[in-house]
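**Student:** As input, take my_file.txt (compact mmCIF, C-alpha atoms):
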```txt
# COMPACT_ATOMS: atom_id res chain seq x y z
CA MET Y 27 0.00 0.00 0.00
CA ALA Y 28 2.13 2.84 -1.27
CA ARG Y 29 1.05 6.37 -0.56
CA GLY Y 30 0.37 8.78 -3.36
CA THR Y 31 2.31 12.00 -3.84
CA TRP Y 32 1.29 15.40 -5.15
CA ALA Y 33 2.66 14.36 -8.54
CA ASP Y 34 0.31 11.37 -8.54
CA PHE Y 35 -2.72 13.58 -7.99
CA ALA Y 36 -1.55 16.28 -10.41
CA SER Y 37 -0.71 14.16 -13.48
CA LYS Y 38 -2.61 11.85 -15.78
CA PHE Y 39 0.47 9.63 -15.56
CA GLY Y 40 0.32 9.49 -11.74
CA PHE Y 41 -0.28 6.31 -9.78
CA ARG Y 42 1.66 4.44 -12.48
CA ASP Y 43 -0.61 5.73 -15.19
CA GLY Y 44 -3.63 4.93 -13.02
CA GLU Y 45 -2.81 1.26 -12.53
CA THR Y 46 -2.18 1.52 -8.78
CA VAL Y 47 -5.03 3.81 -7.68
CA GLU Y 48 -6.77 2.40 -4.61
CA GLU Y 49 -9.93 3.40 -2.77
CA ARG Y 50 -7.85 5.08 -0.08
CA ASP Y 51 -6.22 7.31 -2.71
CA GLU Y 52 -9.64 8.67 -3.59
CA LYS Y 53 -10.33 9.28 0.12
CA ALA Y 54 -6.93 10.94 0.54
CA ARG Y 55 -7.66 13.14 -2.47
CA SER Y 56 -10.78 14.45 -0.73
CA LEU Y 57 -8.77 15.32 2.39
CA VAL Y 58 -6.01 16.97 0.37
CA ILE Y 59 -8.59 19.12 -1.42
CA VAL Y 60 -10.13 20.27 1.87
CA LYS Y 61 -6.69 21.11 3.25
CA LEU Y 62 -5.60 23.00 0.12
CA ASN Y 63 -8.80 24.99 -0.11
CA SER Y 64 -8.42 26.07 3.52
CA LEU Y 65 -4.95 27.55 2.94
CA PRO Y 66 -4.76 31.36 3.02
CA GLU Y 67 -2.66 31.25 -0.15
CA PHE Y 68 -5.53 29.62 -2.04
CA ASN Y 69 -8.08 32.10 -0.71
CA GLN Y 70 -5.88 35.13 -1.36
CA ASN Y 71 -5.14 34.02 -4.92
CA ARG Y 72 -8.73 32.89 -5.52
CA ILE Y 73 -7.70 29.39 -6.49
CA ARG Y 74 -9.80 26.31 -5.86
CA ALA Y 75 -8.66 22.69 -5.80
CA VAL Y 76 -11.29 20.36 -7.23
CA ALA Y 77 -11.54 16.60 -7.74
CA TYR Y 78 -11.56 15.46 -11.33
CA ASN Y 79 -12.27 11.89 -12.35
CA ARG Y 80 -10.47 11.83 -15.65
CA PRO Y 81 -12.05 9.57 -18.27
CA GLY Y 82 -9.89 7.32 -20.39
CA VAL Y 83 -7.06 4.91 -19.85
CA HIS Y 84 -4.77 7.05 -17.69
CA ASN Y 85 -4.91 8.08 -14.03
CA TRP Y 86 -8.44 9.16 -13.18
CA CYS Y 87 -7.82 10.33 -9.57
CA LEU Y 88 -6.79 13.93 -10.20
CA ILE Y 89 -6.80 17.26 -8.40
CA ILE Y 90 -7.21 20.24 -10.68
CA LEU Y 91 -6.35 23.77 -9.55
CA LEU Y 92 -8.68 26.34 -11.07
CA PRO Y 93 -8.94 30.11 -10.80
CA ASN Y 94 -12.08 31.09 -8.94
CA PRO Y 95 -12.45 34.86 -8.74
CA GLY Y 96 -16.26 34.57 -8.77
CA ASN Y 97 -16.58 32.02 -5.94
CA LYS Y 98 -18.18 29.47 -8.24
CA THR Y 99 -19.04 25.93 -7.24
CA ASP Y 100 -16.76 23.03 -8.04
CA ASP Y 101 -19.24 21.79 -10.65
CA GLN Y 102 -19.40 25.21 -12.32
CA LEU Y 103 -15.60 25.42 -12.41
CA LEU Y 104 -15.22 21.91 -13.82
CA ASN Y 105 -17.86 22.63 -16.48
CA GLU Y 106 -16.01 25.78 -17.54
CA TRP Y 107 -12.66 23.98 -17.52
CA THR Y 108 -13.87 21.01 -19.57
CA ALA Y 109 -15.46 23.46 -22.04
CA ASN Y 110 -12.07 25.25 -22.33
CA LYS Y 111 -13.49 28.47 -20.92
CA ILE Y 112 -10.87 28.60 -18.16
CA GLU Y 113 -7.40 27.10 -17.80
CA SER Y 114 -5.98 25.28 -14.83
CA THR Y 115 -3.36 27.04 -12.75
CA GLN Y 116 -0.35 26.14 -10.63
CA LEU Y 117 0.07 25.91 -6.88
CA PRO Y 118 0.33 29.42 -5.46
CA ASP Y 119 3.51 30.52 -3.76
CA GLY Y 120 3.31 30.37 -0.02
CA ASN Y 121 4.43 29.00 3.27
CA TYR Y 122 3.11 25.45 2.94
CA ASP Y 123 4.46 22.10 1.80
CA VAL Y 124 2.09 20.32 -0.57
CA GLU Y 125 3.86 16.99 -0.07
CA GLN Y 126 3.38 17.34 3.68
CA ILE Y 127 -0.34 18.03 3.11
CA VAL Y 128 -0.63 14.83 1.06
CA GLU Y 129 1.30 12.89 3.72
CA GLU Y 130 -1.00 14.23 6.47
CA ALA Y 131 -4.07 13.16 4.51
CA TYR Y 132 -2.83 9.58 4.26
CA HIS Y 133 -1.81 9.63 7.91
CA GLU Y 134 -5.32 10.73 8.91
CA LEU Y 135 -6.76 7.87 6.89
CA ASP Y 136 -4.40 5.41 8.60
CA LEU Y 137 -5.71 6.56 12.00
CA ARG Y 138 -9.33 5.82 11.11
```
How would this structure read if it were set down as structure tokens?
**Tutor:**
Amino acid sequence: MARGTWADFASKFGFRDGETVEERDEKARSLVIVKLNSLPEFNQNRIRAVAYNRPGVHNWCLIILLPNPGNKTDDQLLNEWTANKIESTQLPDGNYDVEQIVEEAYHELDLR
């Protein structure tokens, strides 16, 4: 039971191209999203992390970072992104460690 990394959640090639995704990775993704969206850097830069279940043969368990200046819902943002009306963005600069956030999410799952 290997733990995912930020690169796994951020790339269609993550989790060995999707071959090693487990149920706990999906649960960890939800925790990572909550933690990212609570960061001041995300709020200040109006960025929202959203879950995206990518269709196709690659990794489906993704986190997409989207600009959200209008405080839209996750569904609204994903609809705009999939319609190519907005582009994804990068992690904002700040005083946080995204790998540590991912690690904490898996640790919380291990304690349950």
**Student:** Give me, please, the distance in Å between atom CA of Val60 of chain Y and atom CA of Ala75 of chain Y, quoted to one decimal.
**Tutor:**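 According to the coordinates, atom CA of Val60 of chain Y and atom CA of Ala75 of chain Y are separated by 8.2 Å.
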**Student:** Using only C-alpha atoms, which of the listed residues (Y:Leu57, Y:Val76, Y:Val83, Y:Leu103) sits closest to Gly40 of chain Y?
**Tutor:**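 Closest to Gly40 of chain Y of all the choices is Y:Val83.
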**Student:** Residues at most 7 Å from Asp43 of chain Y, counting only C-alpha atoms, excluding those fewer than 5 positions away in the same chain, as a list in words?
**Tutor:**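 Residues meeting the cut-off are Lys38, His84 and Asn85 of chain Y.
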**Student:** Taking (-5.7, 4.0, -2.0) in the file's coordinates, which residues come within 12 Å, counting all atoms listed in the file, written as a compact mmCIF listing (two decimals) with C-alpha atoms, in the frame of the given file?
**Tutor:**
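Output below, filename part-v2.txt:
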```txt
# COMPACT_ATOMS: atom_id res chain seq x y z
CA MET Y 27 0.00 0.00 0.00
CA ALA Y 28 2.13 2.84 -1.27
CA ARG Y 29 1.05 6.37 -0.56
CA GLY Y 30 0.37 8.78 -3.36
CA THR Y 31 2.31 12.00 -3.84
CA ASP Y 34 0.31 11.37 -8.54
CA PHE Y 35 -2.72 13.58 -7.99
CA PHE Y 41 -0.28 6.31 -9.78
CA GLY Y 44 -3.63 4.93 -13.02
CA GLU Y 45 -2.81 1.26 -12.53
CA THR Y 46 -2.18 1.52 -8.78
CA VAL Y 47 -5.03 3.81 -7.68
CA GLU Y 48 -6.77 2.40 -4.61
CA GLU Y 49 -9.93 3.40 -2.77
CA ARG Y 50 -7.85 5.08 -0.08
CA ASP Y 51 -6.22 7.31 -2.71
CA GLU Y 52 -9.64 8.67 -3.59
CA LYS Y 53 -10.33 9.28 0.12
CA ALA Y 54 -6.93 10.94 0.54
CA ARG Y 55 -7.66 13.14 -2.47
CA SER Y 56 -10.78 14.45 -0.73
CA CYS Y 87 -7.82 10.33 -9.57
CA ALA Y 131 -4.07 13.16 4.51
CA TYR Y 132 -2.83 9.58 4.26
CA LEU Y 135 -6.76 7.87 6.89
CA ASP Y 136 -4.40 5.41 8.60
```
**Student:** To one decimal place, how far is atom CA of Lys61 of chain Y from atom CA of Ile127 of chain Y in Å?
**Tutor:**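 Going from atom CA of Lys61 of chain Y over to atom CA of Ile127 of chain Y covers 7.1 Å.
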**Student:** Using all atoms listed in the file, which of Y:Ser64, Y:Ser114, Y:Val128, Y:Phe39 sits nearest Gly82 of chain Y?
**Tutor:**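 Among Y:Ser64, Y:Ser114, Y:Val128, Y:Phe39, it is Y:Phe39 that comes nearest to Gly82 of chain Y.
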**Student:** To one decimal place in Å, what is the distance between atom CA of Ile112 of chain Y and atom CA of Glu67 of chain Y?
**Tutor:**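 Atom-to-atom, atom CA of Ile112 of chain Y to atom CA of Glu67 of chain Y, that is 20.0 Å.
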**Student:** For Thr108 of chain Y, find every residue with an atom within 12 Å (counting only C-alpha atoms), except residues of its own chain fewer than 6 positions away, and show them as a list in words.
**Tutor:** Tyr78, Asn79, Arg80, Pro81, Ile90, Leu92, Asp101, Gln102 and Ser114 of chain Y
**Student:** Hey, which of Y:Lys111, Y:Arg72, Y:Arg138, Y:His133 ends up closest to Pro93 of chain Y? Count only C-alpha atoms.
**Tutor:** Y:Arg72
**Student:** With distances taken over all atoms listed in the file, which of Y:Glu106, Y:Leu65, Y:Ala77, Y:Trp86 is nearest to Asp119 of chain Y?
**Tutor:**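 With all atoms listed in the file as the atom set, the closest residue is Y:Leu65.
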